[in-house]
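K.L.:
Here you go, structure_24.txt (compact mmCIF, C-alpha atoms and all ligand atoms):
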```txt
# COMPACT_ATOMS: atom_id res chain seq x y z
CA MET A 1 -81.74 -27.84 2.84
CA ASN A 2 -83.09 -24.78 1.11
CA ALA A 3 -83.80 -25.39 -2.57
CA GLY A 4 -83.46 -21.67 -3.38
CA ARG A 5 -85.20 -20.17 -6.37
CA PRO A 6 -84.76 -21.24 -9.96
CA GLU A 7 -83.21 -18.78 -12.38
CA ALA A 8 -86.04 -19.11 -14.81
CA GLN A 9 -89.71 -19.77 -14.46
CA ALA A 10 -90.66 -22.82 -16.48
CA VAL A 11 -94.39 -22.43 -16.93
CA ALA A 12 -96.34 -19.60 -15.37
CA ARG A 13 -99.23 -20.49 -13.12
CA ALA A 14 -102.44 -19.69 -14.91
CA ALA A 15 -105.48 -18.54 -12.99
CA GLU A 16 -108.29 -19.76 -15.22
CA PRO A 17 -110.29 -22.79 -14.14
CA ARG A 18 -109.09 -26.14 -15.43
CA ALA A 19 -111.24 -29.08 -16.46
CA PRO A 20 -111.18 -31.87 -13.90
CA ILE A 21 -109.50 -35.19 -14.59
CA GLU A 22 -112.15 -37.87 -14.93
CA ALA A 23 -110.88 -41.34 -14.16
CA CYS A 24 -113.23 -44.28 -14.00
CA PHE A 25 -111.73 -47.79 -13.93
CA GLU A 26 -112.61 -51.35 -13.08
CA VAL A 27 -109.82 -53.83 -12.58
CA ASP A 28 -110.29 -57.53 -12.01
CA TYR A 29 -107.25 -59.47 -10.88
CA ALA A 30 -107.51 -62.89 -9.27
CA GLY A 31 -108.19 -62.03 -5.63
CA PHE A 32 -108.24 -58.25 -6.14
CA ARG A 33 -110.85 -55.95 -7.57
CA LEU A 34 -110.47 -52.19 -8.02
CA GLN A 35 -113.36 -49.87 -8.68
CA ALA A 36 -112.69 -46.16 -8.96
CA ASP A 37 -114.87 -43.39 -10.31
CA LEU A 38 -113.03 -40.14 -9.67
CA ALA A 39 -113.27 -36.50 -10.66
CA LEU A 40 -109.92 -35.00 -9.69
CA PRO A 41 -108.83 -31.36 -9.81
CA GLY A 42 -107.07 -30.31 -13.01
CA ARG A 43 -104.54 -28.38 -10.90
CA GLY A 44 -102.18 -29.10 -8.03
CA VAL A 45 -101.09 -32.35 -6.41
CA THR A 46 -103.54 -35.19 -5.88
CA ALA A 47 -102.23 -37.87 -3.53
CA LEU A 48 -103.35 -41.45 -4.02
CA PHE A 49 -102.94 -42.73 -0.49
CA GLY A 50 -103.73 -46.01 1.19
CA PRO A 51 -102.22 -49.14 2.70
CA SER A 52 -100.03 -51.56 0.79
CA GLY A 53 -102.07 -53.50 -1.74
CA SER A 54 -104.98 -51.03 -1.79
CA GLY A 55 -104.59 -50.44 -5.53
CA LYS A 56 -102.69 -47.14 -5.78
CA THR A 57 -100.15 -48.32 -8.34
CA THR A 58 -102.78 -50.25 -10.26
CA LEU A 59 -104.84 -47.06 -10.61
CA LEU A 60 -101.82 -44.97 -11.61
CA ARG A 61 -100.77 -47.52 -14.25
CA ALA A 62 -104.30 -47.59 -15.64
CA ILE A 63 -104.23 -43.78 -15.92
CA ALA A 64 -100.83 -43.95 -17.63
CA GLY A 65 -102.24 -46.51 -20.07
CA LEU A 66 -99.48 -48.95 -19.09
CA GLU A 67 -102.21 -51.51 -18.57
CA HIS A 68 -105.51 -51.50 -20.35
CA HIS A 69 -108.33 -51.97 -17.86
CA ARG A 70 -112.00 -51.31 -18.47
CA GLY A 71 -112.76 -47.63 -18.06
CA ARG A 72 -112.79 -44.04 -19.14
CA LEU A 73 -110.19 -41.30 -18.73
CA VAL A 74 -110.44 -37.64 -19.67
CA VAL A 75 -107.56 -35.25 -19.00
CA GLY A 76 -107.75 -31.54 -19.74
CA GLY A 77 -110.80 -32.13 -21.91
CA ASP A 78 -109.06 -34.82 -24.02
CA CYS A 79 -110.38 -38.35 -23.91
CA TRP A 80 -107.51 -40.82 -23.55
CA GLN A 81 -109.69 -43.84 -22.94
CA ASP A 82 -113.33 -44.68 -23.36
CA ASP A 83 -114.00 -48.35 -23.89
CA ALA A 84 -117.65 -47.69 -24.63
CA ARG A 85 -116.50 -45.73 -27.71
CA GLY A 86 -113.50 -47.91 -28.56
CA ILE A 87 -110.98 -45.22 -27.59
CA PHE A 88 -107.62 -46.15 -26.07
CA VAL A 89 -104.72 -43.74 -26.62
CA PRO A 90 -101.48 -45.70 -26.09
CA THR A 91 -99.10 -44.55 -23.35
CA HIS A 92 -96.52 -43.04 -25.71
CA LYS A 93 -99.18 -40.84 -27.28
CA ARG A 94 -100.47 -39.56 -23.93
CA SER A 95 -99.01 -36.28 -22.78
CA ILE A 96 -97.76 -37.66 -19.47
CA GLY A 97 -94.55 -37.71 -17.50
CA VAL A 98 -94.02 -40.70 -15.24
CA VAL A 99 -91.58 -40.97 -12.33
CA PHE A 100 -91.24 -44.32 -10.60
CA GLN A 101 -89.72 -45.37 -7.29
CA GLU A 102 -86.41 -46.16 -8.99
CA ALA A 103 -85.25 -43.63 -11.56
CA SER A 104 -84.74 -45.58 -14.77
CA LEU A 105 -82.00 -43.46 -16.33
CA PHE A 106 -79.82 -44.56 -19.25
CA GLU A 107 -76.65 -45.53 -17.41
CA HIS A 108 -74.36 -45.11 -20.45
CA LEU A 109 -75.51 -41.53 -21.06
CA THR A 110 -74.65 -38.37 -19.15
CA VAL A 111 -77.36 -36.53 -17.25
CA ARG A 112 -77.49 -33.98 -20.07
CA ALA A 113 -78.00 -36.71 -22.68
CA ASN A 114 -80.68 -38.33 -20.49
CA LEU A 115 -82.50 -35.02 -20.34
CA ASP A 116 -82.11 -34.46 -24.08
CA PHE A 117 -83.71 -37.83 -24.63
CA GLY A 118 -86.84 -36.63 -22.83
CA ARG A 119 -86.87 -33.33 -24.68
CA ARG A 120 -86.44 -34.88 -28.13
CA ARG A 121 -89.59 -36.94 -27.66
CA ILE A 122 -91.54 -33.71 -28.18
CA ALA A 123 -91.73 -31.64 -31.37
CA ALA A 124 -90.09 -28.23 -30.88
CA ALA A 125 -93.39 -26.39 -31.37
CA GLU A 126 -95.00 -28.35 -28.54
CA ARG A 127 -92.23 -27.80 -25.98
CA ARG A 128 -93.57 -25.81 -23.08
CA VAL A 129 -90.79 -26.49 -20.58
CA ASP A 130 -87.42 -25.01 -21.31
CA PHE A 131 -84.25 -27.13 -20.74
CA ASP A 132 -82.54 -24.55 -18.52
CA ALA A 133 -85.71 -23.95 -16.53
CA ALA A 134 -86.19 -27.67 -15.79
CA VAL A 135 -82.51 -27.99 -14.81
CA ALA A 136 -82.74 -24.94 -12.53
CA LEU A 137 -86.02 -26.09 -11.02
CA MET A 138 -84.54 -29.44 -9.98
CA GLY A 139 -81.14 -27.95 -9.04
CA ILE A 140 -79.12 -30.30 -11.26
CA GLY A 141 -77.02 -27.81 -13.25
CA HIS A 142 -73.81 -29.09 -11.62
CA LEU A 143 -74.62 -32.69 -12.50
CA LEU A 144 -75.14 -32.38 -16.26
CA GLU A 145 -71.87 -34.02 -17.35
CA ARG A 146 -72.06 -36.91 -14.86
CA LYS A 147 -73.15 -40.45 -15.59
CA PRO A 148 -76.03 -41.77 -13.43
CA ALA A 149 -73.72 -44.19 -11.57
CA ARG A 150 -72.12 -41.15 -9.91
CA LEU A 151 -75.41 -39.70 -8.64
CA SER A 152 -76.98 -40.17 -5.21
CA GLY A 153 -80.49 -41.66 -5.01
CA GLY A 154 -82.00 -38.21 -4.47
CA GLU A 155 -80.07 -36.71 -7.39
CA ARG A 156 -81.18 -39.55 -9.67
CA GLN A 157 -84.79 -38.80 -8.80
CA ARG A 158 -84.32 -35.10 -9.47
CA VAL A 159 -82.89 -35.96 -12.90
CA ALA A 160 -85.81 -38.33 -13.51
CA VAL A 161 -88.29 -35.57 -12.65
CA ALA A 162 -86.50 -33.05 -14.89
CA ARG A 163 -86.52 -35.58 -17.74
CA ALA A 164 -90.24 -36.13 -17.27
CA LEU A 165 -90.83 -32.35 -17.27
CA LEU A 166 -88.93 -31.95 -20.52
CA THR A 167 -91.53 -34.02 -22.31
CA SER A 168 -93.89 -31.06 -21.58
CA PRO A 169 -96.54 -33.31 -20.05
CA ARG A 170 -100.06 -32.24 -19.26
CA LEU A 171 -100.12 -34.63 -16.34
CA LEU A 172 -97.25 -35.79 -14.13
CA LEU A 173 -97.61 -39.22 -12.54
CA MET A 174 -95.36 -40.12 -9.62
CA ASP A 175 -95.35 -43.59 -8.09
CA GLU A 176 -93.75 -43.44 -4.63
CA PRO A 177 -90.82 -41.40 -5.95
CA LEU A 178 -89.24 -41.15 -2.49
CA ALA A 179 -89.90 -44.67 -1.22
CA ALA A 180 -86.42 -45.97 -2.06
CA LEU A 181 -84.67 -43.06 -0.31
CA ASP A 182 -83.58 -42.81 3.32
CA GLN A 183 -84.95 -40.01 5.52
CA ALA A 184 -82.01 -37.69 4.82
CA ARG A 185 -82.33 -38.03 1.03
CA LYS A 186 -86.08 -37.68 1.33
CA ARG A 187 -85.69 -34.40 3.21
CA GLU A 188 -83.29 -33.26 0.52
CA ILE A 189 -85.66 -33.88 -2.38
CA LEU A 190 -88.97 -32.76 -0.86
CA PRO A 191 -88.22 -29.03 -1.31
CA TYR A 192 -87.72 -29.66 -5.03
CA LEU A 193 -91.07 -31.39 -5.31
CA GLU A 194 -92.67 -28.52 -3.41
CA ARG A 195 -91.09 -26.07 -5.80
CA LEU A 196 -92.43 -28.08 -8.73
CA HIS A 197 -95.84 -27.74 -7.20
CA ALA A 198 -95.49 -24.03 -6.52
CA GLU A 199 -94.02 -22.99 -9.83
CA LEU A 200 -95.47 -25.22 -12.51
CA ASP A 201 -99.05 -25.24 -13.59
CA LEU A 202 -98.99 -28.98 -14.02
CA PRO A 203 -101.42 -31.36 -12.34
CA MET A 204 -99.70 -34.23 -10.54
CA LEU A 205 -100.93 -37.58 -9.28
CA TYR A 206 -98.68 -38.70 -6.46
CA VAL A 207 -98.83 -42.24 -5.10
CA SER A 208 -97.61 -42.58 -1.54
CA HIS A 209 -98.20 -44.49 1.62
CA ALA A 210 -96.20 -41.98 3.68
CA PRO A 211 -98.50 -39.61 5.59
CA ASP A 212 -95.76 -36.99 5.99
CA GLU A 213 -95.27 -36.70 2.20
CA VAL A 214 -98.98 -36.42 1.64
CA ALA A 215 -99.38 -33.74 4.33
CA ARG A 216 -96.57 -31.74 2.80
CA LEU A 217 -97.30 -31.97 -0.88
CA ALA A 218 -100.94 -32.72 -1.57
CA ASP A 219 -103.87 -30.43 -2.25
CA HIS A 220 -106.36 -33.20 -2.86
CA LEU A 221 -106.47 -36.60 -1.21
CA VAL A 222 -107.80 -39.85 -2.62
CA LEU A 223 -107.97 -42.53 0.03
CA LEU A 224 -107.95 -46.10 -1.24
CA ASP A 225 -108.64 -49.25 0.72
CA ALA A 226 -108.85 -52.76 -0.73
CA GLY A 227 -109.54 -51.45 -4.23
CA ARG A 228 -112.25 -49.01 -3.15
CA VAL A 229 -112.16 -45.22 -3.07
CA VAL A 230 -112.96 -44.49 0.57
CA ALA A 231 -112.72 -40.71 0.15
CA SER A 232 -111.73 -38.12 -2.42
CA GLY A 233 -111.62 -34.47 -1.41
CA PRO A 234 -109.53 -31.43 -0.58
CA LEU A 235 -106.66 -32.44 1.71
CA ALA A 236 -107.47 -30.26 4.74
CA GLU A 237 -111.13 -31.21 4.73
CA THR A 238 -110.47 -34.92 4.21
CA MET A 239 -107.78 -35.14 6.91
CA ALA A 240 -110.25 -33.64 9.39
CA ARG A 241 -112.94 -36.26 8.76
CA LEU A 242 -113.66 -38.45 11.74
CA ASP A 243 -115.24 -41.26 9.71
CA LEU A 244 -112.07 -42.21 7.80
CA PRO A 245 -109.25 -44.57 8.76
CA THR A 246 -106.85 -41.57 8.76
CA ALA A 247 -108.54 -40.34 11.96
CA GLN A 248 -107.53 -43.56 13.74
CA ALA A 249 -103.85 -43.28 12.82
CA GLU A 250 -101.36 -42.56 15.58
CA ASP A 251 -100.41 -39.29 13.88
CA ALA A 252 -103.97 -38.24 12.99
CA GLY A 253 -104.31 -34.51 12.60
CA VAL A 254 -105.09 -31.64 10.30
CA VAL A 255 -103.12 -29.53 7.87
CA ILE A 256 -103.73 -25.81 7.73
CA ASP A 257 -102.65 -23.48 4.97
CA GLY A 258 -101.74 -20.19 6.56
CA ARG A 259 -99.96 -16.95 5.75
CA VAL A 260 -97.09 -15.28 7.55
CA LEU A 261 -98.34 -12.29 9.47
CA ALA A 262 -95.18 -11.19 11.27
CA HIS A 263 -91.75 -12.28 12.41
CA ASP A 264 -90.41 -11.60 15.88
CA PRO A 265 -86.61 -11.69 15.67
CA HIS A 266 -86.19 -11.27 19.42
CA TYR A 267 -88.02 -14.51 20.26
CA GLY A 268 -87.37 -16.24 16.91
CA LEU A 269 -91.06 -16.80 16.22
CA VAL A 270 -93.24 -16.28 13.17
CA THR A 271 -96.94 -15.60 13.49
CA ILE A 272 -98.99 -17.51 10.96
CA ALA A 273 -102.60 -16.56 10.40
CA PHE A 274 -105.40 -18.73 9.07
CA PRO A 275 -109.17 -18.32 8.96
CA GLY A 276 -110.26 -18.41 12.60
CA GLY A 277 -106.96 -17.77 14.34
CA SER A 278 -103.21 -17.62 14.31
CA VAL A 279 -100.27 -19.48 15.84
CA GLN A 280 -96.70 -18.60 16.68
CA VAL A 281 -94.06 -21.05 15.55
CA ALA A 282 -90.31 -21.15 16.07
CA HIS A 283 -88.87 -20.22 12.70
CA GLY A 284 -86.48 -17.84 10.98
CA ALA A 285 -87.57 -14.69 9.19
CA GLU A 286 -90.21 -15.12 6.52
CA PRO A 287 -91.71 -12.38 4.37
CA ALA A 288 -95.18 -11.30 5.44
CA GLY A 289 -97.86 -12.87 3.27
CA ARG A 290 -95.84 -16.01 2.43
CA ARG A 291 -97.96 -19.16 2.40
CA LEU A 292 -96.89 -21.82 4.86
CA ARG A 293 -98.48 -25.13 5.64
CA LEU A 294 -98.90 -26.28 9.22
CA GLN A 295 -99.70 -29.66 10.66
CA VAL A 296 -101.46 -29.98 13.99
CA ARG A 297 -101.84 -33.48 15.37
CA ALA A 298 -104.91 -34.45 17.34
CA ARG A 299 -102.76 -35.63 20.25
CA ASP A 300 -101.16 -32.18 20.48
CA VAL A 301 -104.46 -30.39 21.04
CA SER A 302 -105.88 -30.09 24.56
CA LEU A 303 -109.12 -28.36 25.43
CA ALA A 304 -110.16 -25.87 28.09
CA LEU A 305 -113.35 -23.99 28.79
CA THR A 306 -111.54 -20.73 29.52
CA PRO A 307 -108.39 -19.33 27.92
CA GLN A 308 -105.46 -20.58 30.00
CA THR A 309 -103.11 -17.64 30.17
CA ASP A 310 -101.05 -18.87 33.11
CA GLY A 311 -99.42 -21.79 31.32
CA SER A 312 -96.55 -22.17 28.89
CA ILE A 313 -98.62 -23.22 25.88
CA LEU A 314 -98.32 -20.34 23.46
CA ASN A 315 -101.01 -21.17 20.98
CA ARG A 316 -104.72 -21.28 21.65
CA VAL A 317 -107.69 -20.67 19.41
CA ALA A 318 -111.39 -20.35 20.12
CA ALA A 319 -113.38 -23.23 18.65
CA VAL A 320 -116.67 -25.07 18.80
CA VAL A 321 -117.02 -28.83 19.21
CA VAL A 322 -118.63 -30.22 16.06
CA ALA A 323 -118.56 -34.00 16.39
CA GLU A 324 -117.10 -36.89 18.31
CA ALA A 325 -115.76 -40.31 17.32
CA PRO A 326 -114.00 -43.18 19.09
CA ALA A 327 -110.21 -42.91 19.15
CA ASP A 328 -107.46 -45.53 18.94
CA THR A 329 -107.87 -46.55 22.61
CA PRO A 330 -111.06 -47.02 24.66
CA ALA A 331 -109.76 -44.37 27.10
CA HIS A 332 -109.72 -41.64 24.44
CA VAL A 333 -112.13 -39.86 22.13
CA LEU A 334 -111.52 -37.77 19.05
CA LEU A 335 -113.30 -34.46 18.77
CA ARG A 336 -113.66 -32.45 15.63
CA LEU A 337 -113.61 -28.72 16.24
CA ASP A 338 -114.42 -25.74 14.11
CA ALA A 339 -112.08 -22.82 14.76
CA GLY A 340 -113.76 -20.05 12.79
CA GLY A 341 -113.86 -22.10 9.59
CA THR A 342 -110.63 -24.06 10.14
CA PRO A 343 -111.19 -27.67 11.23
CA LEU A 344 -109.09 -29.08 14.08
CA LEU A 345 -108.98 -32.52 15.68
CA ALA A 346 -108.39 -33.09 19.38
CA ARG A 347 -107.64 -36.43 21.04
CA ILE A 348 -108.53 -36.28 24.71
CA THR A 349 -109.48 -38.79 27.38
CA ARG A 350 -113.12 -39.80 27.76
CA LEU A 351 -112.81 -38.76 31.39
CA SER A 352 -111.84 -35.19 30.39
CA ARG A 353 -114.68 -35.08 27.91
CA ASP A 354 -117.15 -35.98 30.67
CA GLN A 355 -115.59 -33.68 33.27
CA LEU A 356 -115.73 -30.73 30.86
CA GLN A 357 -119.12 -31.85 29.50
CA LEU A 358 -117.87 -31.54 25.95
CA ALA A 359 -120.50 -32.19 23.32
CA PRO A 360 -121.34 -30.79 19.88
CA GLY A 361 -122.08 -27.07 20.13
CA ARG A 362 -119.86 -26.49 23.19
CA GLU A 363 -117.46 -23.54 22.93
CA VAL A 364 -113.89 -24.37 23.92
CA TRP A 365 -110.33 -23.11 23.75
CA ALA A 366 -108.10 -25.42 21.76
CA GLN A 367 -104.57 -25.32 23.18
CA ILE A 368 -102.06 -26.39 20.61
CA LYS A 369 -99.02 -27.96 22.23
CA ALA A 370 -97.01 -28.45 19.02
CA VAL A 371 -97.27 -27.17 15.48
CA ALA A 372 -95.18 -28.65 12.69
CA LEU A 373 -94.23 -26.33 9.89
CA LEU A 374 -94.32 -28.39 6.72
CA ALA A 375 -93.07 -26.01 4.07
N1 LIG A 401 -100.52 -57.63 -12.82
C1 LIG A 401 -101.17 -58.08 -11.73
N2 LIG A 401 -101.79 -59.26 -11.74
C2 LIG A 401 -102.49 -59.71 -10.66
N3 LIG A 401 -102.58 -59.02 -9.49
C3 LIG A 401 -101.96 -57.84 -9.43
C4 LIG A 401 -101.22 -57.31 -10.53
N4 LIG A 401 -100.73 -56.09 -10.16
C5 LIG A 401 -101.13 -55.90 -8.89
N5 LIG A 401 -101.87 -56.94 -8.45
C6 LIG A 401 -102.51 -57.03 -7.13
O1 LIG A 401 -103.38 -55.94 -6.99
C7 LIG A 401 -103.40 -55.48 -5.65
C8 LIG A 401 -103.10 -53.99 -5.61
O2 LIG A 401 -101.75 -53.78 -5.96
P1 LIG A 401 -101.10 -52.35 -6.08
O3 LIG A 401 -99.67 -52.52 -6.45
O4 LIG A 401 -101.94 -51.51 -6.97
O5 LIG A 401 -101.23 -51.79 -4.58
P2 LIG A 401 -100.55 -50.53 -3.92
O6 LIG A 401 -101.62 -49.86 -3.14
O7 LIG A 401 -99.85 -49.72 -4.95
O8 LIG A 401 -99.52 -51.20 -2.94
P3 LIG A 401 -98.04 -50.78 -2.45
O9 LIG A 401 -98.21 -49.57 -1.55
O10 LIG A 401 -97.54 -51.96 -1.71
O11 LIG A 401 -97.23 -50.47 -3.68
C9 LIG A 401 -102.41 -56.33 -4.90
O12 LIG A 401 -103.11 -57.33 -4.22
C10 LIG A 401 -101.53 -56.91 -5.98
O13 LIG A 401 -101.02 -58.15 -5.60
```
What does this structure look like when you write it as structure tokens?
Ligand SMILES: Nc1ncnc2c1ncn2[C@@H]1O[C@H](COP(=O)(O)OP(=O)(O)OP(=O)(O)O)[C@@H](O)[C@H]1O

P.N.:
Amino acid sequence: MNAGRPEAQAVARAAEPRAPIEACFEVDYAGFRLQADLALPGRGVTALFGPSGSGKTTLLRAIAGLEHHRGRLVVGGDCWQDDARGIFVPTHKRSIGVVFQEASLFEHLTVRANLDFGRRRIAAAERRVDFDAAVALMGIGHLLERKPARLSGGERQRVAVARALLTSPRLLLMDEPLAALDQARKREILPYLERLHAELDLPMLYVSHAPDEVARLADHLVLLDAGRVVASGPLAETMARLDLPTAQAEDAGVVIDGRVLAHDPHYGLVTIAFPGGSVQVAHGAEPAGRRLRLQVRARDVSLALTPQTDGSILNRVAAVVVAEAPADTPAHVLLRLDAGGTPLLARITRLSRDQLQLAPGREVWAQIKAVALLA
């Protein structure tokens, strides 16, 4: 489904640098300990990602102030918690919007009244998100007079997000907002979340254990495991690391932010360029220059020493082998490649590696068998 464009722009994207979010917490539960000391970007979507029980929700709730754990939190230059100085700003005084897995709407109120409730929490002078803009952004104009019982799961979440936006937060916290939805509803709501990301200058922390959501939405990735921060870095860079558990996943791969170079209506392909190369992907017309995100899985990359022009694989880029790591089976290895500044991962057999004498420094052609267009 195409979310279209909103009629009004809610908050313009600003270009000036933004202070990072500093979040440092220690949590001690019986049988579980979380230690996190993070400096997160003050812009864009940061995904908190990790297996069940790794501490994602615990960290998010600590940041929201829903539970008071030992620590320090600074958002946009404002200190919301610093136990060393006796500072703890309660949740209702923090400028945050929170969206949980299940949208907790007031069932006796219409959608409009639910949204008004969010808006009235904020003094008129401090409102930075306009009612009509939030409604347009989430595509819920036709739902305003309905009661929540008559909304689908995806629509409820869109209302919940709009309500959170109407509190004009400086930080949006989302705890697995799509986890309760089936694949079809998930596909329906993702474009709205992408639009939120593209059109609002509002940092978001997004808890998820779904790799596809993270690949689509995140700019920055925090990887948690058993209460520890295993990695925190820009998404593309972090996904391409061989030393992280993400590299061992069945769908290990990289994301690449590219720009549309051209559209070929005859063959129904768009050419998307990125530093170090370009790929052609089956897709309808897109304006030149539009940013699109691609995902290339390690298992979809094969390697050759010369450019193979007599095969059916359309996409190949010149690259250099940078590093090697074991893969998910003893028969395979994972290679990290550098394609002119863009990292790629390739999962090939150990036998092929030896036959081609692939080692760090070796120049190769990476043949990309499948590219997923995420946006
Ligand atoms: N209030 C609490 N008291 C004691 N233990 C808790 C409490 N809340 C969470 N835990 C424990 O802390 C650990 C981390 O839980 P948390 O919900 O943060 O994980 P998660 O990564 O969000 O998992 P999931 O993806 O399943 O939601 C778990 O072992 C959980 O049982």

K.L.:
Please return, as an NGL selection string, all polymer residues that have at least one atom within 12 Å of the point (-81.9, -38.6, -8.3); use all atoms listed in the file and the file's own coordinate frame.

P.N.:
:A and (99-105 or 111 or 138-140 or 143 or 146-163 or 177-178 or 180-181 or 185-186 or 188-190 or 192)

K.L.:
Fewer than 6 positions away in the same chain doesn't count, so skip those; otherwise give me all residues within 7 Å of range 33-44 of chain A, counting all atoms listed in the file, as a ChimeraX atom specification.

P.N.:
/A:18-27,55,76,197,201-204,219,227-229

K.L.:
Write out as a compact mmCIF listing (two decimals) with C-alpha atoms, in the coordinates of the input which residues come within 10 Å of Ser302 in chain A when counting only C-alpha atoms, dropping same-chain ones fewer than 2 positions away.

P.N.:
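Listing of part21.txt after writing:
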```txt
# COMPACT_ATOMS: atom_id res chain seq x y z
CA ALA A 298 -104.91 -34.45 17.34
CA ARG A 299 -102.76 -35.63 20.25
CA ASP A 300 -101.16 -32.18 20.48
CA ALA A 304 -110.16 -25.87 28.09
CA ARG A 316 -104.72 -21.28 21.65
CA LEU A 345 -108.98 -32.52 15.68
CA ALA A 346 -108.39 -33.09 19.38
CA ARG A 347 -107.64 -36.43 21.04
CA ILE A 348 -108.53 -36.28 24.71
CA THR A 349 -109.48 -38.79 27.38
CA SER A 352 -111.84 -35.19 30.39
CA VAL A 364 -113.89 -24.37 23.92
CA TRP A 365 -110.33 -23.11 23.75
CA ALA A 366 -108.10 -25.42 21.76
CA GLN A 367 -104.57 -25.32 23.18
CA ILE A 368 -102.06 -26.39 20.61
CA LYS A 369 -99.02 -27.96 22.23
```

K.L.:
Could you pull out the residues sitting within 9 Å of ligand LIG 401 (chain A), using only C-alpha atoms and all ligand atoms, and write them as JSON, numbers by chain?

P.N.:
{"A": [27, 28, 29, 30, 31, 32, 33, 34, 48, 49, 50, 51, 52, 53, 54, 55, 56, 57, 58, 59, 60, 61, 67, 175, 176, 207, 208, 209, 224, 225, 226, 227]}

K.L.:
With distances taken over all atoms listed in the file, which residue among A:Val214, A:Glu237, A:Leu334, A:Leu137 lies nearest Leu200 in chain A?

P.N.:
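That would be A:Leu137, the residue with the smallest distance to Leu200 in chain A.
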